[in-house]
Amino acid sequence: MSILVTGATGTVGALVVEGLAGAGADVKALVRTRGKRAFPAGVTEVVGDLTDVPSIRAALSSVRTLFLLNAVTPDEVTQALITLNLAQEAGVERIVYLSVIHADTFTNVPHFTGKHTVERMIESLGIAATVLRPAYFMQNELMVQQTIQDHGVYPMPIGSAGVCMIDARDIAEIAVAELLRRDRAPAALEALTLELVGPQAMTGASVAAAWSTALGREVAYAGDDVAAFEAQMASYAPSWLAYDMRLMLAGIQLHGMRAAEGSVERLQAILGHPLRTYEAFVREAAAGG
């Protein structure tokens, strides 16, 4: 019996596949197109699409454990609910679902409320799952790194309430640990929810300061104008996505994304090492790592 990883070619999914393979697990990587990414030896590529029921039925055959990761798309909820229903149909009882922190608070943000809907299904049907709720990914910053370096401005309007950004590598390591824990247990384990956060609450000003230190020159925070951010993003991304991100950033300015008491210590116990810091991530990115 194997572990099926959806989103296997993405930032987190690819790291999860590598981590599971490195631990000796029997891994199936769900891909839309075969050969798009090089996977470790022994990983089986399975071609399918989360909106194509026959392909997911086939992918779930001989699977004991499922890692469900959905990209932010207009039909994200449909993809997740269909996949979970098909997993139940196939008798898959061990599931790790990648949600988002504060999904029940950011109620006007489409991809947050979508993930909260999926969480509600998991809870209401009594599915034995680990729900991982990550905060803002540090790796999101790579999309604006060129702007930071070329113009000396940090353009993400994250405000001053504080965001405990987390490194995608820590997310993947925790996901791997939970997948292996569930997969290797003699029976399905109880449901578990984990908030995935970094060790520091970052603000627009402190992020700009971290880049200033790493680059050796001043980087300014561009400010809290989410409308300007939306307009800029809509020039190269779908308008629905730009608006979704605008709503998320407005929510971050209002609520922040801060760690609950004890979260950092709990995560570091799972990882067996300290959570990666934002400053360390920025130094690595600035050095081209």
# chains A, B, ... in the order shown; residues from 1 in each chain; ligands from 1

$ residues_around --residues "region 39-45 of chain A" --least-positions-apart "6" --cutoff "10 Å" --atoms "only C-alpha atoms" --output "PyMOL selection string"
chain A and resi 2+4-5+8-9+14-15+17-22+24-33+59

$ closest_atom_pairs --of "region 144-186 of chain A" --to "region 63-78 of chain A" --cutoff "10 Å" --atoms "only C-alpha atoms" --output "CSV"
residue,atom,partner,partner_atom,distance
A:Ala175,CA,A:Phe67,CA,8.2
A:Val176,CA,A:Phe67,CA,9.2
A:Glu178,CA,A:Phe67,CA,9.7
A:Leu179,CA,A:Thr65,CA,7.1
A:Leu180,CA,A:Thr65,CA,8.9
A:Arg182,CA,A:Thr65,CA,7.5
A:Asp183,CA,A:Thr65,CA,5.9
A:Arg184,CA,A:Thr65,CA,9.6

$ residues_around --residues "Ser99 (chain A)" --least-positions-apart "6" --cutoff "7 Å" --atoms "only C-alpha atoms" --output "ChimeraX atom specification"
/A:115,131-134

$ write_last_selection --atoms "C-alpha atoms" --output "compact mmCIF listing (two decimals), in the first residue's frame"
# COMPACT_ATOMS: atom_id res chain seq x y z
CA LYS A 115 -10.32 25.37 2.72
CA VAL A 131 -5.25 19.15 9.08
CA LEU A 132 -2.19 21.34 8.58
CA ARG A 133 -2.89 25.08 8.70
CA PRO A 134 0.18 26.95 7.42

$ select_by_dssp --residues "region 8-163 of chain A" --states "strand (DSSP E or B)" --output "PyMOL selection string"
chain A and resi 27-31+44-47+63-68+94-98+129-134+137+153-154+163

$ closest_residue --among "A:Ile270, A:Ala220, A:Ile127, A:Val46" --to "His151 (chain A)" --atoms "only C-alpha atoms"
A:Ala220
